[in-house]
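Coordinates from my_file.cif are shown below (mmCIF, C-alpha atoms).
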data_target
#
loop_
_atom_site.group_PDB
_atom_site.id
_atom_site.type_symbol
_atom_site.label_atom_id
_atom_site.label_comp_id
_atom_site.auth_asym_id
_atom_site.auth_seq_id
_atom_site.Cartn_x
_atom_site.Cartn_y
_atom_site.Cartn_z
ATOM 1 C CA ALA A 6 -14.913 -31.653 -7.584
ATOM 2 C CA GLN A 7 -13.216 -28.967 -9.560
ATOM 3 C CA SER A 8 -9.759 -27.737 -8.620
ATOM 4 C CA VAL A 9 -7.297 -25.114 -9.754
ATOM 5 C CA THR A 10 -3.528 -25.429 -10.059
ATOM 6 C CA GLN A 11 -1.120 -22.549 -10.330
ATOM 7 C CA PRO A 12 2.210 -24.272 -11.027
ATOM 8 C CA ASP A 13 4.404 -21.254 -10.291
ATOM 9 C CA ILE A 14 4.637 -20.140 -6.672
ATOM 10 C CA HIS A 15 6.877 -17.161 -7.429
ATOM 11 C CA ILE A 16 7.838 -15.418 -10.660
ATOM 12 C CA THR A 17 10.299 -12.571 -11.155
ATOM 13 C CA VAL A 18 10.261 -10.440 -14.301
ATOM 14 C CA SER A 19 11.971 -7.225 -15.306
ATOM 15 C CA GLU A 20 9.940 -4.085 -15.704
ATOM 16 C CA GLY A 21 8.835 -3.779 -19.308
ATOM 17 C CA ALA A 22 9.090 -7.506 -19.976
ATOM 18 C CA SER A 23 6.125 -9.649 -20.896
ATOM 19 C CA LEU A 24 4.364 -11.814 -18.343
ATOM 20 C CA GLU A 25 2.459 -15.073 -18.415
ATOM 21 C CA LEU A 26 1.005 -16.664 -15.286
ATOM 22 C CA ARG A 27 -0.207 -20.217 -15.636
ATOM 23 C CA CYS A 28 -3.497 -21.651 -14.433
ATOM 24 C CA ASN A 29 -4.873 -25.135 -15.008
ATOM 25 C CA TYR A 30 -8.294 -26.291 -13.910
ATOM 26 C CA SER A 31 -9.756 -29.697 -13.403
ATOM 27 C CA TYR A 32 -13.424 -29.954 -14.250
ATOM 28 C CA GLY A 33 -15.506 -31.964 -16.703
ATOM 29 C CA ALA A 34 -17.529 -29.178 -18.233
ATOM 30 C CA THR A 35 -16.495 -25.625 -18.996
ATOM 31 C CA PRO A 36 -16.241 -23.817 -15.703
ATOM 32 C CA TYR A 37 -16.435 -20.141 -15.005
ATOM 33 C CA LEU A 38 -12.890 -18.818 -14.667
ATOM 34 C CA PHE A 39 -11.497 -15.783 -12.872
ATOM 35 C CA TRP A 40 -8.233 -14.020 -12.190
ATOM 36 C CA TYR A 41 -7.854 -11.870 -9.086
ATOM 37 C CA VAL A 42 -4.943 -9.755 -7.869
ATOM 38 C CA GLN A 43 -4.027 -9.087 -4.246
ATOM 39 C CA SER A 44 -1.626 -6.454 -2.974
ATOM 40 C CA PRO A 45 0.011 -7.160 0.407
ATOM 41 C CA GLY A 46 -2.466 -6.932 3.269
ATOM 42 C CA GLN A 47 -5.359 -6.137 0.947
ATOM 43 C CA GLY A 48 -8.433 -7.862 -0.399
ATOM 44 C CA LEU A 49 -8.738 -9.428 -3.842
ATOM 45 C CA GLN A 50 -9.500 -7.338 -6.901
ATOM 46 C CA LEU A 51 -11.070 -8.919 -9.960
ATOM 47 C CA LEU A 52 -8.872 -8.619 -13.063
ATOM 48 C CA LEU A 53 -11.029 -10.508 -15.538
ATOM 49 C CA LYS A 54 -13.455 -13.372 -15.926
ATOM 50 C CA TYR A 55 -14.543 -15.915 -18.535
ATOM 51 C CA PHE A 56 -17.982 -17.450 -18.777
ATOM 52 C CA SER A 57 -18.446 -18.246 -22.469
ATOM 53 C CA GLY A 58 -17.883 -16.888 -25.954
ATOM 54 C CA ASP A 59 -14.610 -15.398 -27.113
ATOM 55 C CA THR A 60 -11.796 -17.356 -25.510
ATOM 56 C CA LEU A 61 -9.527 -14.295 -25.265
ATOM 57 C CA VAL A 62 -10.712 -12.099 -22.412
ATOM 58 C CA GLN A 63 -9.572 -8.557 -21.759
ATOM 59 C CA GLY A 64 -9.363 -7.266 -18.234
ATOM 60 C CA ILE A 65 -8.314 -4.233 -16.260
ATOM 61 C CA LYS A 66 -4.774 -2.864 -15.970
ATOM 62 C CA GLY A 67 -3.802 -4.187 -19.418
ATOM 63 C CA PHE A 68 -4.185 -7.870 -18.532
ATOM 64 C CA GLU A 69 -5.712 -10.536 -20.742
ATOM 65 C CA ALA A 70 -6.309 -14.255 -20.422
ATOM 66 C CA GLU A 71 -6.951 -17.022 -22.894
ATOM 67 C CA PHE A 72 -9.182 -20.015 -22.241
ATOM 68 C CA LYS A 73 -7.872 -23.173 -23.889
ATOM 69 C CA ARG A 74 -10.238 -26.078 -23.445
ATOM 70 C CA SER A 75 -7.822 -28.616 -24.956
ATOM 71 C CA GLN A 76 -5.214 -27.741 -22.341
ATOM 72 C CA SER A 77 -7.615 -27.018 -19.462
ATOM 73 C CA SER A 78 -5.806 -23.743 -19.042
ATOM 74 C CA PHE A 79 -6.628 -20.112 -18.422
ATOM 75 C CA ASN A 80 -3.275 -18.312 -18.476
ATOM 76 C CA LEU A 81 -2.968 -14.638 -17.612
ATOM 77 C CA ARG A 82 -0.791 -12.400 -19.789
ATOM 78 C CA LYS A 83 0.463 -8.855 -19.944
ATOM 79 C CA PRO A 84 2.710 -7.568 -22.743
ATOM 80 C CA SER A 85 4.707 -5.119 -20.614
ATOM 81 C CA VAL A 86 4.884 -5.334 -16.844
ATOM 82 C CA HIS A 87 4.967 -2.230 -14.627
ATOM 83 C CA TRP A 88 6.509 -2.082 -11.166
ATOM 84 C CA SER A 89 3.012 -1.560 -9.738
ATOM 85 C CA ASP A 90 1.993 -5.027 -10.978
ATOM 86 C CA ALA A 91 4.020 -6.644 -8.209
ATOM 87 C CA ALA A 92 1.415 -8.548 -6.196
ATOM 88 C CA GLU A 93 -0.069 -12.003 -5.703
ATOM 89 C CA TYR A 94 -2.310 -13.381 -8.421
ATOM 90 C CA PHE A 95 -5.039 -15.951 -7.909
ATOM 91 C CA CYS A 96 -6.835 -18.029 -10.480
ATOM 92 C CA ALA A 97 -10.285 -19.288 -9.492
ATOM 93 C CA THR A 98 -13.037 -21.405 -10.923
ATOM 94 C CA ARG A 99 -16.719 -21.742 -10.182
ATOM 95 C CA ARG A 100 -19.117 -24.373 -11.396
ATOM 96 C CA GLY A 101 -22.136 -22.672 -12.840
ATOM 97 C CA ASN A 102 -24.229 -20.512 -10.583
ATOM 98 C CA ASN A 103 -23.456 -22.306 -7.363
ATOM 99 C CA ASN A 104 -21.330 -21.116 -4.499
ATOM 100 C CA ASP A 105 -18.493 -23.605 -4.870
ATOM 101 C CA MET A 106 -15.641 -21.316 -5.869
ATOM 102 C CA ARG A 107 -12.155 -22.834 -5.871
ATOM 103 C CA PHE A 108 -8.961 -20.813 -5.726
ATOM 104 C CA GLY A 109 -5.456 -21.720 -6.740
ATOM 105 C CA ALA A 110 -2.643 -21.315 -4.215
ATOM 106 C CA GLY A 111 -1.525 -18.094 -5.898
ATOM 107 C CA THR A 112 1.525 -16.856 -7.795
ATOM 108 C CA ARG A 113 3.607 -14.083 -6.290
ATOM 109 C CA LEU A 114 4.972 -11.684 -8.893
ATOM 110 C CA THR A 115 8.135 -9.681 -8.258
ATOM 111 C CA VAL A 116 9.089 -6.943 -10.722
ATOM 112 C CA LYS A 117 12.763 -6.029 -11.066
ATOM 113 C CA PRO A 118 13.670 -2.457 -11.989
ATOM 114 C CA ASP B 248 -19.436 4.504 -2.714
ATOM 115 C CA GLY B 249 -20.603 0.917 -2.981
ATOM 116 C CA GLY B 250 -18.436 -1.750 -1.524
ATOM 117 C CA ILE B 251 -17.569 -4.184 1.218
ATOM 118 C CA THR B 252 -16.063 -3.092 4.516
ATOM 119 C CA GLN B 253 -14.379 -5.271 7.087
ATOM 120 C CA SER B 254 -13.388 -4.292 10.570
ATOM 121 C CA PRO B 255 -11.102 -4.228 12.324
ATOM 122 C CA LYS B 256 -8.126 -4.379 9.955
ATOM 123 C CA TYR B 257 -5.960 -5.970 12.650
ATOM 124 C CA LEU B 258 -7.208 -8.033 15.587
ATOM 125 C CA PHE B 259 -5.322 -9.628 18.423
ATOM 126 C CA ARG B 260 -6.797 -12.328 20.584
ATOM 127 C CA LYS B 261 -5.662 -14.243 23.592
ATOM 128 C CA GLU B 262 -6.012 -17.994 23.522
ATOM 129 C CA GLY B 263 -9.409 -19.119 24.774
ATOM 130 C CA GLN B 264 -11.243 -15.964 23.716
ATOM 131 C CA ASN B 265 -13.955 -15.656 21.117
ATOM 132 C CA VAL B 266 -13.687 -12.774 18.663
ATOM 133 C CA THR B 267 -16.095 -11.428 16.064
ATOM 134 C CA LEU B 268 -15.061 -10.057 12.701
ATOM 135 C CA SER B 269 -17.376 -7.601 10.994
ATOM 136 C CA CYS B 270 -18.373 -7.610 7.327
ATOM 137 C CA GLU B 271 -20.784 -5.083 5.842
ATOM 138 C CA GLN B 272 -21.780 -4.536 2.209
ATOM 139 C CA ASN B 273 -23.919 -1.899 0.524
ATOM 140 C CA LEU B 274 -23.996 -3.559 -2.884
ATOM 141 C CA ASN B 275 -27.464 -5.042 -2.296
ATOM 142 C CA HIS B 276 -25.956 -8.487 -2.822
ATOM 143 C CA ASP B 277 -27.839 -11.531 -1.600
ATOM 144 C CA ALA B 278 -24.900 -13.893 -1.121
ATOM 145 C CA MET B 279 -22.027 -13.360 1.291
ATOM 146 C CA TYR B 280 -18.963 -15.459 2.033
ATOM 147 C CA TRP B 281 -16.133 -15.836 4.532
ATOM 148 C CA TYR B 282 -12.741 -17.137 3.468
ATOM 149 C CA ARG B 283 -9.590 -17.873 5.372
ATOM 150 C CA GLN B 284 -6.222 -17.238 3.722
ATOM 151 C CA ASP B 285 -2.976 -18.845 4.861
ATOM 152 C CA PRO B 286 0.368 -18.443 3.098
ATOM 153 C CA GLY B 287 0.766 -20.807 0.176
ATOM 154 C CA GLN B 288 -2.760 -22.206 0.474
ATOM 155 C CA GLY B 289 -4.946 -19.794 -1.406
ATOM 156 C CA LEU B 290 -8.408 -19.131 -0.030
ATOM 157 C CA ARG B 291 -10.567 -21.655 1.783
ATOM 158 C CA LEU B 292 -14.294 -21.216 2.299
ATOM 159 C CA ILE B 293 -15.496 -21.080 5.919
ATOM 160 C CA TYR B 294 -19.192 -20.217 5.628
ATOM 161 C CA TYR B 295 -21.530 -18.710 3.094
ATOM 162 C CA SER B 296 -25.031 -17.292 3.106
ATOM 163 C CA GLN B 297 -27.301 -17.006 0.096
ATOM 164 C CA ILE B 298 -30.110 -15.174 1.859
ATOM 165 C CA VAL B 299 -30.980 -13.562 5.169
ATOM 166 C CA ASN B 300 -31.423 -15.988 8.070
ATOM 167 C CA ASP B 301 -29.791 -18.817 6.141
ATOM 168 C CA PHE B 302 -26.162 -19.963 5.915
ATOM 169 C CA GLN B 303 -24.173 -23.077 5.057
ATOM 170 C CA LYS B 304 -20.856 -24.525 6.129
ATOM 171 C CA GLY B 305 -17.939 -24.375 3.772
ATOM 172 C CA ASP B 306 -14.858 -26.560 3.746
ATOM 173 C CA ILE B 307 -13.392 -25.456 7.090
ATOM 174 C CA ALA B 308 -16.326 -24.400 9.288
ATOM 175 C CA GLU B 309 -15.162 -26.095 12.485
ATOM 176 C CA GLY B 310 -14.430 -23.566 15.219
ATOM 177 C CA TYR B 311 -16.308 -20.757 13.469
ATOM 178 C CA SER B 312 -19.869 -19.451 13.625
ATOM 179 C CA VAL B 313 -21.838 -16.880 11.622
ATOM 180 C CA SER B 314 -25.159 -15.104 11.579
ATOM 181 C CA ARG B 315 -27.114 -13.366 8.840
ATOM 182 C CA GLU B 316 -29.808 -11.231 10.448
ATOM 183 C CA LYS B 317 -29.556 -8.434 7.880
ATOM 184 C CA LYS B 318 -28.837 -8.505 4.182
ATOM 185 C CA GLU B 319 -25.957 -6.059 4.595
ATOM 186 C CA SER B 320 -24.152 -7.817 7.418
ATOM 187 C CA PHE B 321 -22.451 -11.207 7.820
ATOM 188 C CA PRO B 322 -20.315 -11.300 10.996
ATOM 189 C CA LEU B 323 -17.921 -14.169 11.657
ATOM 190 C CA THR B 324 -17.114 -15.377 15.154
ATOM 191 C CA VAL B 325 -13.873 -17.221 15.682
ATOM 192 C CA THR B 326 -14.430 -19.371 18.742
ATOM 193 C CA SER B 327 -11.972 -20.830 21.193
ATOM 194 C CA ALA B 328 -12.596 -24.189 19.515
ATOM 195 C CA GLN B 329 -10.652 -23.055 16.447
ATOM 196 C CA LYS B 330 -7.232 -24.584 17.026
ATOM 197 C CA ASN B 331 -5.169 -22.388 14.749
ATOM 198 C CA PRO B 332 -7.032 -19.129 14.184
ATOM 199 C CA THR B 333 -4.119 -16.896 13.197
ATOM 200 C CA ALA B 334 -4.801 -16.030 9.553
ATOM 201 C CA PHE B 335 -6.047 -13.403 7.148
ATOM 202 C CA TYR B 336 -9.850 -13.413 6.838
ATOM 203 C CA LEU B 337 -11.631 -12.194 3.735
ATOM 204 C CA CYS B 338 -15.311 -11.454 3.291
ATOM 205 C CA ALA B 339 -16.941 -11.445 -0.147
ATOM 206 C CA SER B 340 -20.377 -10.884 -1.628
ATOM 207 C CA ARG B 341 -22.136 -11.742 -4.873
ATOM 208 C CA GLY B 342 -25.397 -10.749 -6.491
ATOM 209 C CA ARG B 343 -27.939 -13.507 -7.027
ATOM 210 C CA GLY B 344 -29.959 -14.351 -10.062
ATOM 211 C CA SER B 345 -27.347 -14.085 -12.775
ATOM 212 C CA ARG B 346 -24.877 -16.805 -13.617
ATOM 213 C CA THR B 347 -22.367 -14.141 -14.516
ATOM 214 C CA ASP B 348 -22.373 -12.480 -11.125
ATOM 215 C CA THR B 349 -18.938 -12.207 -9.605
ATOM 216 C CA GLN B 350 -17.653 -12.310 -6.062
ATOM 217 C CA TYR B 351 -16.289 -9.040 -4.772
ATOM 218 C CA PHE B 352 -13.970 -8.937 -1.785
ATOM 219 C CA GLY B 353 -13.488 -6.736 1.230
ATOM 220 C CA PRO B 354 -10.054 -5.525 2.387
ATOM 221 C CA GLY B 355 -9.621 -8.294 4.962
ATOM 222 C CA THR B 356 -8.951 -8.668 8.691
ATOM 223 C CA ARG B 357 -5.692 -10.065 10.004
ATOM 224 C CA LEU B 358 -6.252 -12.048 13.190
ATOM 225 C CA THR B 359 -3.349 -12.915 15.432
ATOM 226 C CA VAL B 360 -3.618 -15.140 18.482
ATOM 227 C CA LEU B 361 -1.172 -14.217 21.204
#

Take the structure in this file and express it as structure tokens.
Amino acid sequence: AQSVTQPDIHITVSEGASLELRCNYSYGATPYLFWYVQSPGQGLQLLLKYFSGDTLVQGIKGFEAEFKRSQSSFNLRKPSVHWSDAAEYFCATRRGNNNDMRFGAGTRLTVKP
Amino acid sequence: DGGITQSPKYLFRKEGQNVTLSCEQNLNHDAMYWYRQDPGQGLRLIYYSQIVNDFQKGDIAEGYSVSREKKESFPLTVTSAQKNPTAFYLCASRGRGSRTDTQYFGPGTRLTVL
């Protein structure tokens, strides 16, 4: 069964600094990959997704992610973090068109002024 | 506005009571899902339904029940058999027929057992 690992439970960055959130997946074939963001007490909002093609994916709010098959990774990046980016970020994977979606445990992002 | 609504936002329950959480979507999506979220554990799938009048158990279905009588609605009942029901519950939906369809989430219901 596929699984997702987010190695960092909590990350703190200064406003304006760059950000990279790590995500590793475990699955034999290329899975479908997603990043979601969750503000406190809210639902999850889709930031971006990868199904095939170009391995660098652009998302909303200035985020991007790069799929690296050799490293089984799908790290999320942003060149300059804003205070409003403080939230919890979840990486997820789905195998094909089925309903077996697996989420990582999440990374909480704190932004320092 | 198309989207997913969940109600109530906050729910309090006494031990031994059943409670029902509402999830409604107007996205014309076939598939609907219920997840439970606990701190530090990400999301875990409780039940899902791919079509009206059909649903399947997810990873942690014990102590929960669902129904899918209408395409728009997928209520979740947390029964007294659920030993630790205090959690944040998220409903999601997804269109069917395209491999690129994505799950979209509602705003969630926080259930607290007193």

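With only C-alpha atoms taken into account, chain B has B:Gly287, B:Gln288, B:Gly289, B:Leu290, B:Arg291, B:Tyr295, B:Leu337, B:Ser345, B:Arg346, B:Thr347, B:Tyr351, B:Phe352, B:Gly353, B:Pro354, B:Gly355 at most 8 Å from chain A.
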
Write to file, as a PDB file, keeping the file's coordinate frame, the residues of the selection just made, with C-alpha atoms.
ATOM      1  CA  GLY B 287       0.766 -20.807   0.176  1.00  0.00           C
ATOM      2  CA  GLN B 288      -2.760 -22.206   0.474  1.00  0.00           C
ATOM      3  CA  GLY B 289      -4.946 -19.794  -1.406  1.00  0.00           C
ATOM      4  CA  LEU B 290      -8.408 -19.131  -0.030  1.00  0.00           C
ATOM      5  CA  ARG B 291     -10.567 -21.655   1.783  1.00  0.00           C
ATOM      6  CA  TYR B 295     -21.530 -18.710   3.094  1.00  0.00           C
ATOM      7  CA  LEU B 337     -11.631 -12.194   3.735  1.00  0.00           C
ATOM      8  CA  SER B 345     -27.347 -14.085 -12.775  1.00  0.00           C
ATOM      9  CA  ARG B 346     -24.877 -16.805 -13.617  1.00  0.00           C
ATOM     10  CA  THR B 347     -22.367 -14.141 -14.516  1.00  0.00           C
ATOM     11  CA  TYR B 351     -16.289  -9.040  -4.772  1.00  0.00           C
ATOM     12  CA  PHE B 352     -13.970  -8.937  -1.785  1.00  0.00           C
ATOM     13  CA  GLY B 353     -13.488  -6.736   1.230  1.00  0.00           C
ATOM     14  CA  PRO B 354     -10.054  -5.525   2.387  1.00  0.00           C
ATOM     15  CA  GLY B 355      -9.621  -8.294   4.962  1.00  0.00           C
TER      16      GLY B 355
END

I'd like the residues picked by the PyMOL selection byres ((chain A and resi 63-70) around 7) written out as a CSV table (one decimal) with C-alpha atoms, in the coordinates of the input, using the chain letters and numbers from the file.
chain,number,residue,atom,x,y,z
A,52,LEU,CA,-8.9,-8.6,-13.1
A,53,LEU,CA,-11.0,-10.5,-15.5
A,61,LEU,CA,-9.5,-14.3,-25.3
A,62,VAL,CA,-10.7,-12.1,-22.4
A,71,GLU,CA,-7.0,-17.0,-22.9
A,72,PHE,CA,-9.2,-20.0,-22.2
A,79,PHE,CA,-6.6,-20.1,-18.4
A,80,ASN,CA,-3.3,-18.3,-18.5
A,81,LEU,CA,-3.0,-14.6,-17.6
A,82,ARG,CA,-0.8,-12.4,-19.8
A,83,LYS,CA,0.5,-8.9,-19.9

Using all atoms listed in the file, pick whichever of B:Lys304, B:Arg341, B:Lys330, B:Lys256 has the shortest atom-to-atom distance to Gln272 in chain B. B:Arg341

Around range 271-283 of chain B, fit a box with edges along x, y and z, padding it by 8 Å on each side, then list its centre and edge lengths in Å to one decimal as AutoDock Vina command-line options.
--center_x -18.7 --center_y -9.9 --center_z 1.5 --size_x 34.2 --size_y 32.0 --size_z 24.7

Applied to the shown file, which residues does the PyMOL selection byres ((chain A and resi 11) around 6) return, written as a JSON list (two decimals) with C-alpha atoms, keeping the file's coordinate frame?
[["chain", "number", "residue", "atom", "x", "y", "z"],
["A", 10, "THR", "CA", -3.53, -25.43, -10.06],
["A", 12, "PRO", "CA", 2.21, -24.27, -11.03],
["A", 13, "ASP", "CA", 4.40, -21.25, -10.29],
["A", 27, "ARG", "CA", -0.21, -20.22, -15.64],
["A", 28, "CYS", "CA", -3.50, -21.65, -14.43],
["A", 109, "GLY", "CA", -5.46, -21.72, -6.74]]

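Interatomic distance, CA of Cys270 in chain B to CA of Ser254 in chain B: 6.8 Å.
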
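Residue nearest Tyr311 in chain B, chosen from B:Val266, B:Ala278, B:Ser340, B:Ile298 and counting only C-alpha atoms: B:Val266.
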
B:Asp277, B:Glu271, B:Asp348, B:Glu316: which is nearest Thr252 in chain B, counting all atoms listed in the file? B:Glu271

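Residues of protein, DNA and RNA with at least one atom no farther than 6 Å from (8.9, -12.1, -6.9) are, using only C-alpha atoms, A:His15, A:Ile16, A:Thr17, A:Arg113, A:Leu114, A:Thr115.
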
Could you list, as a VMD selection string, every residue matched by the PyMOL selection byres ((chain B and resi 275) around 8) in this structure? chain B and resid 272 to 274 276 to 277 318 to 319 342

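Minimum atom-to-atom distances from B:Asn300, B:Gln350, B:Thr359, B:Asn265 to Thr324 in chain B were compared using all atoms listed in the file, and the lowest value belongs to B:Asn265.
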
Min atom-atom distance to Leu38 in chain A from the set A:Gln76, A:Pro118, A:Thr98, A:Thr60, counting only C-alpha atoms, belongs to A:Thr98

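Atom pair CA of Val116 in chain A / CA of Ala91 in chain A: separated by 5.7 Å.
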
Can you work out the spacing between CA of Ala339 in chain B and CA of Met279 in chain B in Å, to one decimal? 5.6 Å

Residues at most 7 Å from Pro84 in chain A, counting only C-alpha atoms, excluding those fewer than 2 positions away in the same chain, as a list in words? Ala22, Ser23, Leu24, Arg82 and Val86 of chain A

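Remark: residues at most 6 Å from position (-13.0, -26.8, -11.8) in file coordinates are Gln7, Ser8, Tyr30, Ser31, Tyr32, Pro36 and Thr98 of chain A, using only C-alpha atoms.
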
Starting from the incomplete input, reconstruct N, CA, C and O atoms of range 327-349 of chain B and write that as a PDB file, in the frame of the given file.
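What follows is the written file out.pdb:
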ATOM      1  N   SER B 327     -13.145 -20.235  20.559  1.00  0.00           N
ATOM      2  CA  SER B 327     -11.972 -20.830  21.193  1.00  0.00           C
ATOM      3  C   SER B 327     -11.751 -22.267  20.713  1.00  0.00           C
ATOM      4  O   SER B 327     -10.682 -22.837  20.922  1.00  0.00           O
ATOM      5  N   ALA B 328     -12.734 -22.831  20.042  1.00  0.00           N
ATOM      6  CA  ALA B 328     -12.596 -24.189  19.515  1.00  0.00           C
ATOM      7  C   ALA B 328     -11.739 -24.244  18.257  1.00  0.00           C
ATOM      8  O   ALA B 328     -11.317 -25.331  17.841  1.00  0.00           O
ATOM      9  N   GLN B 329     -11.496 -23.090  17.655  1.00  0.00           N
ATOM     10  CA  GLN B 329     -10.652 -23.055  16.447  1.00  0.00           C
ATOM     11  C   GLN B 329      -9.200 -23.182  16.894  1.00  0.00           C
ATOM     12  O   GLN B 329      -8.661 -22.300  17.573  1.00  0.00           O
ATOM     13  N   LYS B 330      -8.547 -24.256  16.492  1.00  0.00           N
ATOM     14  CA  LYS B 330      -7.232 -24.584  17.026  1.00  0.00           C
ATOM     15  C   LYS B 330      -6.118 -23.696  16.520  1.00  0.00           C
ATOM     16  O   LYS B 330      -5.118 -23.481  17.210  1.00  0.00           O
ATOM     17  N   ASN B 331      -6.232 -23.194  15.338  1.00  0.00           N
ATOM     18  CA  ASN B 331      -5.169 -22.388  14.749  1.00  0.00           C
ATOM     19  C   ASN B 331      -5.785 -21.184  14.038  1.00  0.00           C
ATOM     20  O   ASN B 331      -5.831 -21.130  12.810  1.00  0.00           O
ATOM     21  N   PRO B 332      -6.264 -20.204  14.786  1.00  0.00           N
ATOM     22  CA  PRO B 332      -7.032 -19.129  14.184  1.00  0.00           C
ATOM     23  C   PRO B 332      -6.218 -18.005  13.536  1.00  0.00           C
ATOM     24  O   PRO B 332      -6.784 -17.186  12.821  1.00  0.00           O
ATOM     25  N   THR B 333      -4.927 -17.972  13.780  1.00  0.00           N
ATOM     26  CA  THR B 333      -4.119 -16.896  13.197  1.00  0.00           C
ATOM     27  C   THR B 333      -4.131 -17.020  11.684  1.00  0.00           C
ATOM     28  O   THR B 333      -3.671 -18.019  11.132  1.00  0.00           O
ATOM     29  N   ALA B 334      -4.654 -16.001  11.014  1.00  0.00           N
ATOM     30  CA  ALA B 334      -4.801 -16.030   9.553  1.00  0.00           C
ATOM     31  C   ALA B 334      -5.333 -14.688   9.089  1.00  0.00           C
ATOM     32  O   ALA B 334      -5.660 -13.810   9.891  1.00  0.00           O
ATOM     33  N   PHE B 335      -5.442 -14.567   7.778  1.00  0.00           N
ATOM     34  CA  PHE B 335      -6.047 -13.403   7.148  1.00  0.00           C
ATOM     35  C   PHE B 335      -7.448 -13.814   6.702  1.00  0.00           C
ATOM     36  O   PHE B 335      -7.611 -14.825   6.030  1.00  0.00           O
ATOM     37  N   TYR B 336      -8.459 -13.044   7.118  1.00  0.00           N
ATOM     38  CA  TYR B 336      -9.850 -13.413   6.838  1.00  0.00           C
ATOM     39  C   TYR B 336     -10.454 -12.435   5.837  1.00  0.00           C
ATOM     40  O   TYR B 336     -10.407 -11.212   6.021  1.00  0.00           O
ATOM     41  N   LEU B 337     -11.053 -13.000   4.806  1.00  0.00           N
ATOM     42  CA  LEU B 337     -11.631 -12.194   3.735  1.00  0.00           C
ATOM     43  C   LEU B 337     -13.118 -12.452   3.622  1.00  0.00           C
ATOM     44  O   LEU B 337     -13.568 -13.594   3.627  1.00  0.00           O
ATOM     45  N   CYS B 338     -13.871 -11.386   3.516  1.00  0.00           N
ATOM     46  CA  CYS B 338     -15.311 -11.454   3.291  1.00  0.00           C
ATOM     47  C   CYS B 338     -15.578 -11.105   1.830  1.00  0.00           C
ATOM     48  O   CYS B 338     -14.879 -10.267   1.241  1.00  0.00           O
ATOM     49  N   ALA B 339     -16.579 -11.731   1.237  1.00  0.00           N
ATOM     50  CA  ALA B 339     -16.941 -11.445  -0.147  1.00  0.00           C
ATOM     51  C   ALA B 339     -18.451 -11.446  -0.279  1.00  0.00           C
ATOM     52  O   ALA B 339     -19.171 -11.990   0.574  1.00  0.00           O
ATOM     53  N   SER B 340     -18.939 -10.848  -1.352  1.00  0.00           N
ATOM     54  CA  SER B 340     -20.377 -10.884  -1.628  1.00  0.00           C
ATOM     55  C   SER B 340     -20.599 -11.055  -3.119  1.00  0.00           C
ATOM     56  O   SER B 340     -19.710 -10.778  -3.941  1.00  0.00           O
ATOM     57  N   ARG B 341     -21.788 -11.523  -3.464  1.00  0.00           N
ATOM     58  CA  ARG B 341     -22.136 -11.742  -4.873  1.00  0.00           C
ATOM     59  C   ARG B 341     -23.625 -11.523  -5.062  1.00  0.00           C
ATOM     60  O   ARG B 341     -24.439 -11.956  -4.235  1.00  0.00           O
ATOM     61  N   GLY B 342     -23.990 -10.903  -6.164  1.00  0.00           N
ATOM     62  CA  GLY B 342     -25.397 -10.749  -6.491  1.00  0.00           C
ATOM     63  C   GLY B 342     -25.987 -12.100  -6.843  1.00  0.00           C
ATOM     64  O   GLY B 342     -25.285 -13.030  -7.206  1.00  0.00           O
ATOM     65  N   ARG B 343     -27.278 -12.231  -6.732  1.00  0.00           N
ATOM     66  CA  ARG B 343     -27.939 -13.507  -7.027  1.00  0.00           C
ATOM     67  C   ARG B 343     -28.848 -13.336  -8.212  1.00  0.00           C
ATOM     68  O   ARG B 343     -29.381 -12.267  -8.445  1.00  0.00           O
ATOM     69  N   GLY B 344     -29.003 -14.408  -8.968  1.00  0.00           N
ATOM     70  CA  GLY B 344     -29.959 -14.351 -10.062  1.00  0.00           C
ATOM     71  C   GLY B 344     -29.301 -14.342 -11.420  1.00  0.00           C
ATOM     72  O   GLY B 344     -29.948 -14.611 -12.418  1.00  0.00           O
ATOM     73  N   SER B 345     -28.033 -14.060 -11.480  1.00  0.00           N
ATOM     74  CA  SER B 345     -27.347 -14.085 -12.775  1.00  0.00           C
ATOM     75  C   SER B 345     -26.159 -15.015 -12.673  1.00  0.00           C
ATOM     76  O   SER B 345     -25.376 -14.929 -11.742  1.00  0.00           O
ATOM     77  N   ARG B 346     -26.004 -15.873 -13.657  1.00  0.00           N
ATOM     78  CA  ARG B 346     -24.877 -16.805 -13.617  1.00  0.00           C
ATOM     79  C   ARG B 346     -23.559 -16.077 -13.788  1.00  0.00           C
ATOM     80  O   ARG B 346     -22.515 -16.619 -13.475  1.00  0.00           O
ATOM     81  N   THR B 347     -23.621 -14.865 -14.287  1.00  0.00           N
ATOM     82  CA  THR B 347     -22.367 -14.141 -14.516  1.00  0.00           C
ATOM     83  C   THR B 347     -21.979 -13.261 -13.337  1.00  0.00           C
ATOM     84  O   THR B 347     -20.998 -12.540 -13.407  1.00  0.00           O
ATOM     85  N   ASP B 348     -22.753 -13.299 -12.279  1.00  0.00           N
ATOM     86  CA  ASP B 348     -22.373 -12.480 -11.125  1.00  0.00           C
ATOM     87  C   ASP B 348     -21.047 -12.929 -10.549  1.00  0.00           C
ATOM     88  O   ASP B 348     -20.734 -14.108 -10.531  1.00  0.00           O
ATOM     89  N   THR B 349     -20.308 -11.970 -10.068  1.00  0.00           N
ATOM     90  CA  THR B 349     -18.938 -12.207  -9.605  1.00  0.00           C
ATOM     91  C   THR B 349     -18.838 -11.921  -8.127  1.00  0.00           C
ATOM     92  O   THR B 349     -19.555 -11.077  -7.606  1.00  0.00           O
TER      93      THR B 349
END
